[in-house]
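Enquirer: Provided herewith: query_22.txt, compact mmCIF, C-alpha atoms and all ligand atoms.
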# COMPACT_ATOMS: atom_id res chain seq x y z
CA MET A 1 -29.47 6.02 13.33
CA ASN A 2 -31.57 2.87 13.09
CA MET A 3 -32.67 1.84 9.64
CA GLY A 4 -35.48 -0.67 9.95
CA LYS A 5 -35.96 -0.85 6.21
CA LEU A 6 -33.33 -0.82 3.51
CA MET A 7 -31.82 2.55 2.73
CA ASP A 8 -31.13 2.92 -0.98
CA THR A 9 -28.32 4.68 -2.76
CA ASP A 10 -26.41 4.50 -6.04
CA LEU A 11 -22.93 3.73 -4.76
CA LEU A 12 -22.33 2.06 -1.44
CA PHE A 13 -18.87 1.94 0.09
CA ALA A 14 -18.00 -0.73 2.66
CA GLY A 15 -14.91 0.94 4.16
CA GLY A 16 -13.91 4.58 4.02
CA GLY A 17 -10.14 4.30 4.36
CA LEU A 18 -7.60 4.93 1.60
CA SER A 19 -9.29 3.08 -1.24
CA GLY A 20 -12.94 3.84 -0.39
CA LEU A 21 -12.25 7.57 -0.02
CA SER A 22 -9.99 7.66 -3.08
CA LEU A 23 -12.59 6.03 -5.31
CA ALA A 24 -15.42 8.26 -4.03
CA TRP A 25 -13.16 11.27 -4.70
CA HIS A 26 -12.24 10.12 -8.23
CA ILE A 27 -15.90 9.48 -9.12
CA GLU A 28 -17.16 12.75 -7.68
CA THR A 29 -14.36 14.69 -9.38
CA ALA A 30 -15.04 13.05 -12.76
CA MET A 31 -18.85 13.32 -12.54
CA PRO A 32 -19.85 15.94 -9.93
CA GLY A 33 -23.29 15.30 -8.44
CA ARG A 34 -24.01 12.33 -10.71
CA TYR A 35 -24.21 9.64 -8.02
CA ARG A 36 -25.63 9.43 -4.52
CA MET A 37 -23.06 7.73 -2.30
CA ILE A 38 -23.00 6.31 1.22
CA ILE A 39 -19.64 5.55 2.81
CA VAL A 40 -19.81 3.18 5.79
CA ASP A 41 -16.93 2.68 8.20
CA ARG A 42 -16.68 1.66 11.82
CA GLU A 43 -14.78 4.89 12.47
CA ALA A 44 -14.56 8.32 10.90
CA ARG A 45 -11.02 8.26 9.53
CA VAL A 46 -9.44 11.61 10.30
CA GLY A 47 -6.11 11.43 12.18
CA ASP A 48 -2.53 10.39 11.50
CA ASP A 49 -2.92 6.63 11.50
CA ARG A 50 -0.66 6.10 8.46
CA THR A 51 2.13 7.82 6.57
CA TRP A 52 1.98 6.99 2.87
CA CYS A 53 5.13 7.09 0.78
CA PHE A 54 5.18 6.33 -2.92
CA TRP A 55 6.92 7.31 -6.14
CA GLU A 56 5.08 9.08 -8.89
CA LYS A 57 5.77 10.84 -12.20
CA GLY A 58 4.29 14.32 -12.59
CA GLU A 59 1.76 15.59 -10.11
CA GLY A 60 -0.74 13.15 -8.64
CA PRO A 61 -4.30 13.92 -7.60
CA PHE A 62 -3.37 14.47 -3.95
CA GLN A 63 -0.33 16.71 -4.45
CA ALA A 64 -1.90 19.28 -2.08
CA ALA A 65 -1.54 16.75 0.76
CA VAL A 66 2.15 15.99 0.08
CA ILE A 67 4.21 17.07 3.07
CA LYS A 68 7.62 16.37 1.52
CA GLN A 69 9.09 14.98 -1.70
CA TRP A 70 12.55 13.94 -2.78
CA ASP A 71 14.24 13.30 -6.11
CA ARG A 72 17.24 11.47 -4.65
CA LEU A 73 17.26 8.42 -2.40
CA LYS A 74 20.08 6.58 -0.70
CA VAL A 75 20.32 2.79 -0.34
CA LEU A 76 22.88 1.37 2.06
CA GLY A 77 24.37 -1.96 3.11
CA PRO A 78 27.17 -2.95 5.47
CA ASP A 79 29.91 -2.09 2.96
CA TRP A 80 28.15 -0.27 0.15
CA GLU A 81 25.93 2.70 -0.50
CA ARG A 82 24.44 4.34 -3.55
CA ILE A 83 22.57 7.55 -4.24
CA LEU A 84 19.71 6.99 -6.64
CA ASP A 85 18.69 9.90 -8.85
CA ILE A 86 15.08 9.11 -9.58
CA PRO A 87 13.66 11.86 -11.88
CA PRO A 88 11.26 11.80 -13.68
CA TYR A 89 9.93 10.17 -10.49
CA ALA A 90 9.58 11.94 -7.17
CA TYR A 91 9.33 10.02 -3.92
CA ARG A 92 6.52 11.58 -1.90
CA MET A 93 5.17 11.49 1.62
CA ILE A 94 1.55 12.09 2.61
CA ARG A 95 0.40 11.94 6.21
CA SER A 96 -3.06 10.44 6.50
CA SER A 97 -4.58 13.40 8.38
CA ALA A 98 -3.86 15.64 5.37
CA PHE A 99 -5.25 13.08 2.92
CA TYR A 100 -8.42 12.43 4.96
CA ALA A 101 -9.02 16.17 5.44
CA LEU A 102 -8.55 16.97 1.75
CA VAL A 103 -10.79 14.16 0.53
CA ARG A 104 -13.45 14.38 3.22
CA GLU A 105 -13.79 18.15 2.82
CA GLY A 106 -14.22 17.72 -0.92
CA LEU A 107 -16.80 14.96 -0.51
CA ALA A 108 -18.68 16.70 2.33
CA ALA A 109 -19.34 19.63 0.01
CA ALA A 110 -21.25 17.32 -2.37
CA PRO A 111 -24.92 17.14 -1.36
CA GLY A 112 -25.47 13.49 -2.35
CA ILE A 113 -22.65 12.00 -0.27
CA GLN A 114 -23.20 10.69 3.24
CA PHE A 115 -20.86 9.13 5.82
CA LEU A 116 -22.22 6.54 8.26
CA THR A 117 -20.43 5.05 11.26
CA ALA A 118 -21.33 1.38 11.73
CA ASP A 119 -19.85 -2.11 11.92
CA ILE A 120 -20.17 -3.91 8.61
CA LEU A 121 -21.45 -7.43 9.22
CA GLY A 122 -21.79 -8.83 5.69
CA LEU A 123 -22.19 -8.07 1.99
CA GLU A 124 -24.45 -9.71 -0.56
CA SER A 125 -24.46 -9.28 -4.28
CA GLU A 126 -27.89 -9.65 -5.93
CA LYS A 127 -29.02 -9.33 -9.53
CA ASP A 128 -29.46 -5.57 -9.83
CA SER A 129 -28.08 -4.32 -6.52
CA ALA A 130 -26.02 -5.27 -3.48
CA VAL A 131 -26.83 -5.26 0.22
CA LEU A 132 -24.58 -4.21 3.08
CA ARG A 133 -25.62 -5.58 6.47
CA SER A 134 -24.47 -3.36 9.31
CA SER A 135 -24.87 -2.85 13.05
CA ILE A 136 -27.34 -0.02 12.38
CA GLY A 137 -29.38 -1.74 9.69
CA ASN A 138 -29.15 -2.78 6.07
CA LEU A 139 -28.28 -0.63 3.09
CA ARG A 140 -28.79 -1.28 -0.59
CA GLY A 141 -26.76 0.18 -3.43
CA ARG A 142 -26.70 -0.26 -7.20
CA TRP A 143 -22.98 -0.94 -6.89
CA LEU A 144 -21.05 -1.82 -3.77
CA PHE A 145 -17.34 -1.09 -3.29
CA ASN A 146 -15.73 -3.19 -0.60
CA SER A 147 -12.43 -2.44 1.10
CA ALA A 148 -13.52 -3.48 4.61
CA LEU A 149 -13.90 -7.25 4.45
CA ARG A 150 -10.75 -9.00 3.27
CA PRO A 151 -10.74 -12.56 1.93
CA ASP A 152 -9.15 -15.37 3.97
CA ILE A 153 -5.81 -16.39 2.53
CA PRO A 154 -5.35 -20.16 2.26
CA ALA A 155 -1.88 -21.33 3.28
CA ARG A 156 -1.68 -24.03 0.59
CA ARG A 157 -0.03 -23.19 -2.71
CA THR A 158 0.31 -19.52 -1.88
CA ARG A 159 3.18 -17.56 -0.46
CA THR A 160 2.49 -15.03 2.26
CA LEU A 161 4.75 -12.80 4.30
CA LEU A 162 3.90 -9.96 6.62
CA GLN A 163 5.54 -6.61 6.20
CA HIS A 164 5.58 -5.23 9.74
CA PHE A 165 7.13 -1.99 10.79
CA LYS A 166 7.53 0.40 13.64
CA GLY A 167 8.35 4.04 13.04
CA TYR A 168 9.38 6.97 15.19
CA PHE A 169 8.89 10.60 14.27
CA LEU A 170 12.08 12.10 15.66
CA THR A 171 12.75 15.67 16.67
CA MET A 172 16.37 16.72 17.19
CA PRO A 173 17.68 19.67 19.18
CA ARG A 174 20.03 20.66 16.33
CA SER A 175 20.45 20.20 12.58
CA THR A 176 21.04 16.47 12.01
CA PHE A 177 19.41 15.21 8.82
CA ASP A 178 20.00 16.03 5.18
CA PRO A 179 16.42 16.87 4.15
CA ASP A 180 17.24 16.23 0.47
CA VAL A 181 18.37 12.60 0.76
CA PRO A 182 16.33 10.02 2.63
CA HIS A 183 17.65 6.55 3.45
CA PHE A 184 15.25 4.55 1.31
CA MET A 185 16.51 1.15 2.43
CA ASP A 186 19.29 0.89 4.99
CA PHE A 187 20.30 -2.73 5.52
CA ARG A 188 22.94 -1.97 8.16
CA VAL A 189 20.77 -3.56 10.86
CA GLU A 190 21.37 -7.09 12.12
CA GLN A 191 19.97 -9.50 9.52
CA GLY A 192 18.19 -12.81 10.15
CA LYS A 193 16.44 -15.30 7.90
CA ASP A 194 14.09 -12.59 6.74
CA VAL A 195 14.33 -9.11 5.23
CA ARG A 196 15.15 -6.24 7.61
CA PHE A 197 15.90 -2.62 6.87
CA VAL A 198 15.33 0.88 8.18
CA TYR A 199 14.25 3.90 6.27
CA VAL A 200 14.86 7.44 7.42
CA LEU A 201 12.74 10.10 5.78
CA PRO A 202 13.91 13.58 6.75
CA ILE A 203 11.22 16.24 6.61
CA THR A 204 13.53 19.01 7.83
CA GLU A 205 17.07 19.12 9.23
CA THR A 206 15.66 18.45 12.69
CA ARG A 207 12.70 16.17 12.01
CA ALA A 208 12.52 12.73 10.38
CA LEU A 209 10.53 9.51 10.32
CA ALA A 210 12.77 6.51 11.06
CA GLU A 211 10.98 3.23 10.43
CA PHE A 212 12.28 -0.31 11.01
CA THR A 213 10.68 -2.79 8.60
CA VAL A 214 10.70 -6.59 8.53
CA PHE A 215 9.31 -9.02 5.93
CA SER A 216 8.69 -12.28 7.81
CA PRO A 217 5.92 -14.77 8.57
CA ARG A 218 5.18 -13.36 12.03
CA VAL A 219 4.86 -10.01 13.76
CA TRP A 220 7.38 -9.27 16.56
CA GLU A 221 6.98 -8.05 20.13
CA GLN A 222 6.93 -4.23 20.30
CA GLN A 223 10.10 -4.20 22.43
CA GLU A 224 12.06 -5.91 19.64
CA TYR A 225 11.34 -3.14 17.12
CA HIS A 226 12.22 -0.61 19.79
CA ASN A 227 15.56 -2.29 20.55
CA THR A 228 16.53 -2.39 16.86
CA LEU A 229 15.54 1.23 16.28
CA GLN A 230 17.39 2.38 19.37
CA ASP A 231 20.50 0.48 18.29
CA TYR A 232 20.26 1.80 14.72
CA LEU A 233 19.80 5.42 15.76
CA GLY A 234 22.48 5.36 18.45
CA ASN A 235 25.14 3.08 16.97
CA ILE A 236 24.68 3.39 13.22
CA LEU A 237 23.46 6.97 12.76
CA GLY A 238 25.22 8.12 15.93
CA ILE A 239 22.32 10.17 17.26
CA LYS A 240 21.18 9.90 20.86
CA ASP A 241 19.46 13.10 21.97
CA TYR A 242 16.30 12.63 19.92
CA VAL A 243 12.74 13.01 21.11
CA VAL A 244 10.17 10.55 19.77
CA ASP A 245 7.05 12.64 19.40
CA GLU A 246 4.88 10.17 17.47
CA GLU A 247 5.00 6.46 16.72
CA GLU A 248 3.60 4.43 13.84
CA PHE A 249 3.08 0.69 13.69
CA GLY A 250 1.65 -1.29 10.80
CA VAL A 251 1.31 -4.71 9.26
CA ILE A 252 0.79 -5.14 5.52
CA PRO A 253 0.07 -8.57 4.03
CA MET A 254 2.35 -9.56 1.13
CA THR A 255 0.77 -12.49 -0.66
CA ASP A 256 0.43 -14.01 -4.11
CA HIS A 257 -3.04 -15.32 -3.24
CA PRO A 258 -5.24 -13.92 -6.03
CA HIS A 259 -7.75 -11.58 -4.36
CA PRO A 260 -10.80 -11.44 -6.61
CA LEU A 261 -11.55 -7.94 -7.82
CA ARG A 262 -15.19 -8.81 -8.16
CA THR A 263 -17.68 -10.64 -5.93
CA GLY A 264 -20.87 -11.50 -7.80
CA ARG A 265 -22.52 -9.08 -10.20
CA ARG A 266 -22.56 -5.99 -8.04
CA ILE A 267 -19.58 -5.92 -5.67
CA LEU A 268 -16.15 -4.59 -6.62
CA ASN A 269 -13.32 -5.14 -4.14
CA LEU A 270 -10.88 -2.30 -3.59
CA GLY A 271 -7.58 -1.61 -1.90
CA THR A 272 -5.87 -4.42 -0.01
CA ALA A 273 -9.11 -6.44 -0.07
CA GLY A 274 -9.09 -6.20 -3.87
CA GLY A 275 -5.44 -7.18 -4.30
CA ARG A 276 -4.11 -3.64 -4.87
CA THR A 277 -1.28 -4.17 -2.37
CA LYS A 278 1.79 -5.17 -4.36
CA ALA A 279 2.76 -8.61 -3.15
CA SER A 280 6.51 -8.10 -3.25
CA THR A 281 6.75 -4.61 -1.74
CA GLY A 282 3.52 -3.82 0.14
CA PHE A 283 3.18 -0.52 -1.76
CA THR A 284 -0.52 0.23 -2.29
CA PHE A 285 -1.11 3.98 -2.57
CA VAL A 286 -0.36 4.44 -6.27
CA ASN A 287 -2.12 1.20 -7.27
CA VAL A 288 -5.23 2.43 -5.45
CA GLN A 289 -5.14 5.74 -7.34
CA ARG A 290 -4.68 4.01 -10.70
CA HIS A 291 -7.50 1.58 -9.97
CA SER A 292 -9.81 4.36 -8.74
CA ALA A 293 -9.22 6.42 -11.89
CA ALA A 294 -9.93 3.36 -14.07
CA VAL A 295 -13.14 2.51 -12.16
CA ALA A 296 -14.41 6.11 -12.41
CA LEU A 297 -13.70 6.08 -16.15
CA SER A 298 -15.49 2.75 -16.57
CA LEU A 299 -18.58 4.05 -14.75
CA GLN A 300 -18.52 7.14 -16.93
CA SER A 301 -18.00 5.44 -20.26
CA LYS A 302 -19.57 1.99 -19.79
CA GLY A 303 -22.05 2.43 -16.94
CA HIS A 304 -20.40 -0.27 -14.79
CA PRO A 305 -17.36 -0.14 -12.49
CA PHE A 306 -15.54 -3.30 -13.60
CA ALA A 307 -12.54 -1.73 -15.30
CA ARG A 308 -10.25 -4.23 -16.99
CA MET A 309 -6.87 -4.72 -15.37
CA PRO A 310 -4.00 -3.98 -17.76
CA LEU A 311 -2.73 -7.16 -19.43
CA CYS A 312 0.75 -6.71 -17.94
CA HIS A 313 -0.76 -7.22 -14.46
CA LYS A 314 -0.51 -11.02 -14.88
CA ARG A 315 3.18 -10.77 -15.74
CA TYR A 316 3.93 -8.72 -12.62
CA SER A 317 1.87 -11.03 -10.44
CA LEU A 318 4.11 -13.88 -11.63
CA TYR A 319 7.28 -11.88 -10.81
CA ASP A 320 5.88 -11.04 -7.36
CA ALA A 321 5.11 -14.69 -6.66
CA ILE A 322 8.65 -15.71 -7.70
CA LEU A 323 10.27 -13.12 -5.44
CA LEU A 324 7.97 -14.09 -2.56
CA ASP A 325 8.89 -17.74 -3.10
CA VAL A 326 12.61 -16.92 -2.91
CA LEU A 327 12.04 -14.90 0.28
CA THR A 328 9.63 -17.26 2.06
CA ARG A 329 11.86 -20.27 1.43
CA ASN A 330 15.09 -18.39 2.17
CA LEU A 331 16.54 -19.37 -1.18
CA TYR A 332 18.68 -16.22 -1.22
CA PRO A 333 19.13 -13.40 1.33
CA GLY A 334 16.63 -10.60 0.80
CA ARG A 335 19.24 -7.95 1.51
CA ASP A 336 21.43 -9.26 -1.33
CA ILE A 337 18.52 -9.36 -3.79
CA PHE A 338 17.77 -5.70 -3.15
CA SER A 339 21.45 -4.73 -3.27
CA HIS A 340 21.86 -6.49 -6.66
CA MET A 341 18.76 -4.71 -7.88
CA PHE A 342 19.88 -1.23 -6.80
CA LEU A 343 23.62 -1.51 -7.47
CA ARG A 344 23.46 -3.14 -10.90
CA ASN A 345 20.56 -1.30 -12.54
CA ALA A 346 19.56 2.24 -13.42
CA PRO A 347 17.36 3.63 -10.62
CA VAL A 348 14.55 4.58 -12.99
CA THR A 349 14.48 1.02 -14.38
CA VAL A 350 14.10 -0.32 -10.83
CA PHE A 351 11.27 2.09 -10.01
CA ASP A 352 9.57 1.43 -13.36
CA PHE A 353 9.75 -2.29 -12.56
CA LEU A 354 8.55 -2.04 -8.95
CA GLY A 355 5.76 0.31 -10.07
CA GLU A 356 4.67 -2.10 -12.85
CA GLN A 357 5.53 0.36 -15.62
CA SER A 358 8.59 -1.38 -17.11
CA ARG A 359 9.13 -2.75 -20.59
CA PHE A 360 9.92 -6.43 -21.07
CA HIS A 361 13.51 -5.71 -22.19
CA GLN A 362 14.11 -3.72 -18.96
CA GLU A 363 12.77 -6.67 -16.98
CA LEU A 364 15.19 -9.06 -18.72
CA GLN A 365 18.08 -6.73 -17.82
CA LEU A 366 16.94 -6.67 -14.22
CA PHE A 367 16.56 -10.44 -14.01
CA ALA A 368 20.09 -10.83 -15.37
CA SER A 369 21.33 -9.01 -12.26
CA PHE A 370 19.72 -11.58 -9.92
CA PRO A 371 21.28 -14.95 -9.00
CA GLN A 372 19.86 -17.38 -11.55
CA GLY A 373 19.66 -20.64 -9.51
CA PRO A 374 17.24 -19.58 -6.74
CA PHE A 375 15.04 -17.60 -9.10
CA VAL A 376 14.76 -20.43 -11.64
CA ARG A 377 13.88 -22.88 -8.84
CA ALA A 378 11.25 -20.44 -7.52
CA PHE A 379 9.85 -19.91 -11.02
CA LEU A 380 9.45 -23.68 -11.55
CA ARG A 381 7.67 -24.08 -8.23
CA VAL A 382 5.31 -21.13 -8.83
CA ALA A 383 4.59 -22.39 -12.38
CA ARG A 384 3.79 -25.88 -11.00
CA HIS A 385 1.35 -24.40 -8.50
CA ARG A 386 -0.30 -22.18 -11.07
CA LEU A 387 -0.76 -25.12 -13.42
CA GLY A 388 -2.29 -27.08 -10.53
CA LEU A 389 0.46 -29.74 -10.63
C1 LIG A 401 0.72 2.12 9.14
C2 LIG A 401 0.66 1.85 7.66
C3 LIG A 401 1.51 2.53 6.80
C4 LIG A 401 1.45 2.27 5.42
N1 LIG A 401 2.30 2.94 4.59
C5 LIG A 401 2.21 2.75 3.26
C6 LIG A 401 3.06 3.48 2.38
O1 LIG A 401 3.94 4.22 2.82
N2 LIG A 401 2.88 3.34 1.03
C7 LIG A 401 1.93 2.51 0.52
O2 LIG A 401 1.80 2.44 -0.71
N3 LIG A 401 1.16 1.76 1.33
C8 LIG A 401 1.27 1.86 2.69
N4 LIG A 401 0.46 1.14 3.51
C9 LIG A 401 -0.40 0.11 2.90
C10 LIG A 401 -1.74 0.65 2.41
O3 LIG A 401 -1.56 1.80 1.63
C11 LIG A 401 -2.70 0.98 3.53
O4 LIG A 401 -2.90 -0.14 4.33
C12 LIG A 401 -4.05 1.47 3.01
O5 LIG A 401 -4.70 2.10 4.07
C13 LIG A 401 -4.90 0.36 2.41
O6 LIG A 401 -6.10 0.92 1.97
P1 LIG A 401 -7.48 0.14 2.08
O7 LIG A 401 -8.53 1.06 1.65
O8 LIG A 401 -7.35 -1.19 1.45
O9 LIG A 401 -7.62 -0.17 3.65
P2 LIG A 401 -7.91 0.87 4.81
O10 LIG A 401 -7.33 2.18 4.51
O11 LIG A 401 -7.48 0.17 6.06
O12 LIG A 401 -9.49 1.00 4.79
C14 LIG A 401 -10.35 -0.04 5.18
C15 LIG A 401 -11.45 0.57 6.05
O13 LIG A 401 -12.40 -0.43 6.36
C16 LIG A 401 -12.84 -0.23 7.69
N5 LIG A 401 -13.35 -1.51 8.20
C17 LIG A 401 -12.71 -2.70 8.20
N6 LIG A 401 -13.54 -3.66 8.69
C18 LIG A 401 -14.71 -3.05 8.97
C19 LIG A 401 -15.95 -3.51 9.50
N7 LIG A 401 -16.17 -4.81 9.78
N8 LIG A 401 -16.92 -2.61 9.70
C20 LIG A 401 -16.74 -1.28 9.39
N9 LIG A 401 -15.59 -0.79 8.87
C21 LIG A 401 -14.59 -1.67 8.67
C22 LIG A 401 -11.61 0.26 8.45
O14 LIG A 401 -11.97 1.01 9.61
C23 LIG A 401 -10.92 1.11 7.38
O15 LIG A 401 -11.24 2.48 7.50
C24 LIG A 401 0.52 1.33 4.89
C25 LIG A 401 -0.30 0.64 5.78
C26 LIG A 401 -0.22 0.88 7.14
C27 LIG A 401 -1.11 0.07 8.07
Any chance you could put this one into structure tokens?
Ligand SMILES: Cc1cc2nc3c(=O)[nH]c(=O)nc-3n(C[C@H](O)[C@H](O)[C@H](O)COP(=O)(O)OP(=O)(O)OC[C@H]3O[C@@H](n4cnc5c(N)ncnc54)[C@H](O)[C@@H]3O)c2cc1C
Expert:
Amino acid sequence: MNMGKLMDTDLLFAGGGLSGLSLAWHIETAMPGRYRMIIVDREARVGDDRTWCFWEKGEGPFQAAVIKQWDRLKVLGPDWERILDIPPYAYRMIRSSAFYALVREGLAAAPGIQFLTADILGLESEKDSAVLRSSIGNLRGRWLFNSALRPDIPARRTRTLLQHFKGYFLTMPRSTFDPDVPHFMDFRVEQGKDVRFVYVLPITETRALAEFTVFSPRVWEQQEYHNTLQDYLGNILGIKDYVVDEEEFGVIPMTDHPHPLRTGRRILNLGTAGGRTKASTGFTFVNVQRHSAAVALSLQSKGHPFARMPLCHKRYSLYDAILLDVLTRNLYPGRDIFSHMFLRNAPVTVFDFLGEQSRFHQELQLFASFPQGPFVRAFLRVARHRLGL
């Protein structure tokens, strides 16, 4: 398709991955047929390019795409382990093919929604509309939702780590896994001056996703993830006759650089581009759903999409920056921080905290379980930076 002149719509989406599709779905579900939408992406997202895991209370909007859920999780270290009972939360897994199919089928049934495949070259916010420049021409929308173009992250006065991971979907010839208890964080892999753990998410007794995850400034060579996974599976879990039938690799930025939610009068940034990736954990899925629901509600009740972030967001962004500071400057081993957190606190308190749903008194209890020196030093440094000193 070549669009010599501007093509107009109500809602324009730059990026049709997790956050673009989620928001379109939330808006269309809340107000069927109310808005014309165009979703632009360089590729039609359909396959298994991601496996999303997240914890949630009650049923979420995409429960039909959940392949497996657990209400107990195990955390393990070299000489400790603990089973976490997490109700009222459930830890859930969604494979992206199921999510894309569910959302795309729902949106395709709406007459006013169109998908375009094109490279996005730039976005401009004007007074009453926004323009998306693409390889097949320009588009104009009353509101533009961007999850495609991410801001550059300056190195100065911010803390950034990469969460990089390689996962194997394993199939076993015989019953091997306990499908009721995943290894949520298993620190029994060789540790360095970074954070390293494996999680093993059993879908059945013979099938599981084993993923080796590192928080560090740089991504590794593929062979290094492979070596660690092979060593973990063979020497720690004691399983050798597995077949790897799918692989997953990903890199998620963990940064306290404030990503603006808004660019100009007409562009709202979503997903990782809009700062919805939690800086200290990389978890994004639930934040995207909460943000999408709030944006849909704002459009419905106020006629604009700029939903206010909850006030507590600032508090959590400070906590994230402090933890990132401790980790980036190696003030205290990451493995020990997580073990203190899981061994000395009620599981639900930890998940409330990591999911930004905790009360201040729970947070004080949690902080009391951390080593004070490194965290106070990190707090002072983050506070200095935030005050511009
Ligand atoms: C492998 C993997 C596993 C993950 N697992 C989890 C998890 O378990 N739990 C969790 O909470 N989070 C997880 N995340 C983090 C996060 O949920 C995902 O990265 C999520 O996809 C982010 O959503 P998004 O909409 O911001 O970005 P995306 O889903 O990546 O969507 C952005 C879209 O923009 C398009 N795009 C980008 N640039 C252009 C351009 N110039 N022109 C046209 N199109 C463009 C891309 O093709 C893409 O479709 C994972 C991430 C990865 C990579």
Enquirer: Name all residues at most 9 Å from range 252-269 of chain A (count all atoms listed in the file; drop same-chain ones fewer than 3 positions away) and give them as a PyMOL selection string.
Expert: chain A and resi 123-130+141-151+153-155+157-165+215+272-283+305-306+317-318+320-321+324
Enquirer: Using all atoms listed in the file, what does the table of chain A residues within 8 Å of ligand LIG 401 (chain A) look like, with each row giving the shortest atom pair and its distance in Å to one decimal, sorted by chain and ascending number, as CSV?
Expert:
residue,atom,partner,partner_atom,distance
A:Ala14,CA,A:LIG401,N9,6.7
A:Gly15,CA,A:LIG401,O13,3.6
A:Gly16,CA,A:LIG401,O15,4.9
A:Gly17,CA,A:LIG401,O12,3.4
A:Leu18,CA,A:LIG401,O7,4.0
A:Ser19,CA,A:LIG401,O7,3.6
A:Gly20,CA,A:LIG401,O7,5.6
A:Leu21,CA,A:LIG401,O7,7.7
A:Val40,CA,A:LIG401,C20,6.5
A:Asp41,CA,A:LIG401,N9,3.8
A:Arg42,CA,A:LIG401,C20,3.8
A:Glu43,CA,A:LIG401,O14,5.6
A:Ala44,CA,A:LIG401,O15,7.5
A:Arg45,CA,A:LIG401,O15,6.1
A:Asp49,CA,A:LIG401,C1,6.3
A:Arg50,CA,A:LIG401,C1,4.3
A:Thr51,CA,A:LIG401,N1,5.3
A:Trp52,CA,A:LIG401,O1,3.4
A:Cys53,CA,A:LIG401,O1,3.7
A:Phe54,CA,A:LIG401,N2,5.5
A:Met93,CA,A:LIG401,O1,7.5
A:Thr117,CA,A:LIG401,C20,7.6
A:Ala118,CA,A:LIG401,C20,5.8
A:Asp119,CA,A:LIG401,N8,3.7
A:Ile120,CA,A:LIG401,N8,3.7
A:Leu121,CA,A:LIG401,N7,5.9
A:Ser134,CA,A:LIG401,N8,7.6
A:Ser147,CA,A:LIG401,C14,5.2
A:Ala148,CA,A:LIG401,O13,3.7
A:Leu149,CA,A:LIG401,N6,5.6
A:Phe165,CA,A:LIG401,C1,7.8
A:Glu248,CA,A:LIG401,C1,6.0
A:Phe249,CA,A:LIG401,C1,5.3
A:Gly250,CA,A:LIG401,C1,3.9
A:Val251,CA,A:LIG401,C27,5.5
A:Ile252,CA,A:LIG401,C25,5.9
A:Leu270,CA,A:LIG401,O8,6.3
A:Gly271,CA,A:LIG401,O8,3.4
A:Thr272,CA,A:LIG401,O8,3.8
A:Ala273,CA,A:LIG401,O8,5.7
A:Gly274,CA,A:LIG401,O8,7.5
A:Arg276,CA,A:LIG401,O8,7.5
A:Thr277,CA,A:LIG401,C10,6.8
A:Gly282,CA,A:LIG401,N3,6.2
A:Phe283,CA,A:LIG401,O2,3.4
A:Thr284,CA,A:LIG401,O2,3.6
A:Phe285,CA,A:LIG401,O2,3.8
A:Val286,CA,A:LIG401,O2,6.3
A:Asn287,CA,A:LIG401,O2,7.7
A:Val288,CA,A:LIG401,O6,7.6
Enquirer: Got a sec: who's within 12 Å of Arg315 in chain A, counting only C-alpha atoms, leaving out chain neighbours fewer than 3 positions off, as JSON, numbers by chain?
Expert: {"A": [309, 310, 311, 312, 318, 319, 320, 321, 322, 353, 356, 357, 358, 359, 360, 363]}
Enquirer: Using all atoms listed in the file, which residue out of A:His304, A:Lys166, A:Leu380, A:Tyr242 lies closest to Glu221 in chain A?
Expert: A:Lys166
Enquirer: Between A:Gln114, A:Gln372, A:Ser339, A:Asn227, which is the closest to Leu76 in chain A once you count only C-alpha atoms?
Expert: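 Result for the nearest residue to Leu76 in chain A: A:Ser339.
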Enquirer: Find the distance between CA of His313 in chain A and CA of Arg290 in chain A and write it in Å to one decimal.
Expert: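 That distance, rounded to one decimal, is 12.5 Å.
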Enquirer: Taking into account all atoms listed in the file, which residue in the set A:Ala368, A:Met185, A:Val350, A:Leu11 is nearest to Gly334 in chain A?
Expert: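 Closest residue, counting all atoms listed in the file: A:Met185.
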Enquirer: Compare A:Leu343, A:Val348, A:Pro374, A:Ala65 by their minimum atom-to-atom distance to Ser97 in chain A, counting only C-alpha atoms, and give me the closest one.
Expert: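 Closest candidate: A:Ala65.
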Enquirer: With a distance cut-off of 12 Å and all atoms listed in the file, select the neighbouring residues of Ala110 in chain A, excluding the residue or stretch itself and same-chain residues fewer than 5 positions from it, and output the selection as a JSON list (two decimals) with C-alpha atoms, in the coordinates of the input.
Expert:
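This went into out.json:
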[["chain", "number", "residue", "atom", "x", "y", "z"],
["A", 24, "ALA", "CA", -15.42, 8.26, -4.03],
["A", 25, "TRP", "CA", -13.16, 11.27, -4.70],
["A", 27, "ILE", "CA", -15.90, 9.48, -9.12],
["A", 28, "GLU", "CA", -17.16, 12.75, -7.68],
["A", 29, "THR", "CA", -14.36, 14.69, -9.38],
["A", 31, "MET", "CA", -18.85, 13.32, -12.54],
["A", 32, "PRO", "CA", -19.85, 15.94, -9.93],
["A", 33, "GLY", "CA", -23.29, 15.30, -8.44],
["A", 34, "ARG", "CA", -24.01, 12.33, -10.71],
["A", 35, "TYR", "CA", -24.21, 9.64, -8.02],
["A", 36, "ARG", "CA", -25.63, 9.43, -4.52],
["A", 37, "MET", "CA", -23.06, 7.73, -2.30],
["A", 38, "ILE", "CA", -23.00, 6.31, 1.22],
["A", 103, "VAL", "CA", -10.79, 14.16, 0.53],
["A", 104, "ARG", "CA", -13.45, 14.38, 3.22],
["A", 105, "GLU", "CA", -13.79, 18.15, 2.82],
["A", 115, "PHE", "CA", -20.86, 9.13, 5.82]]
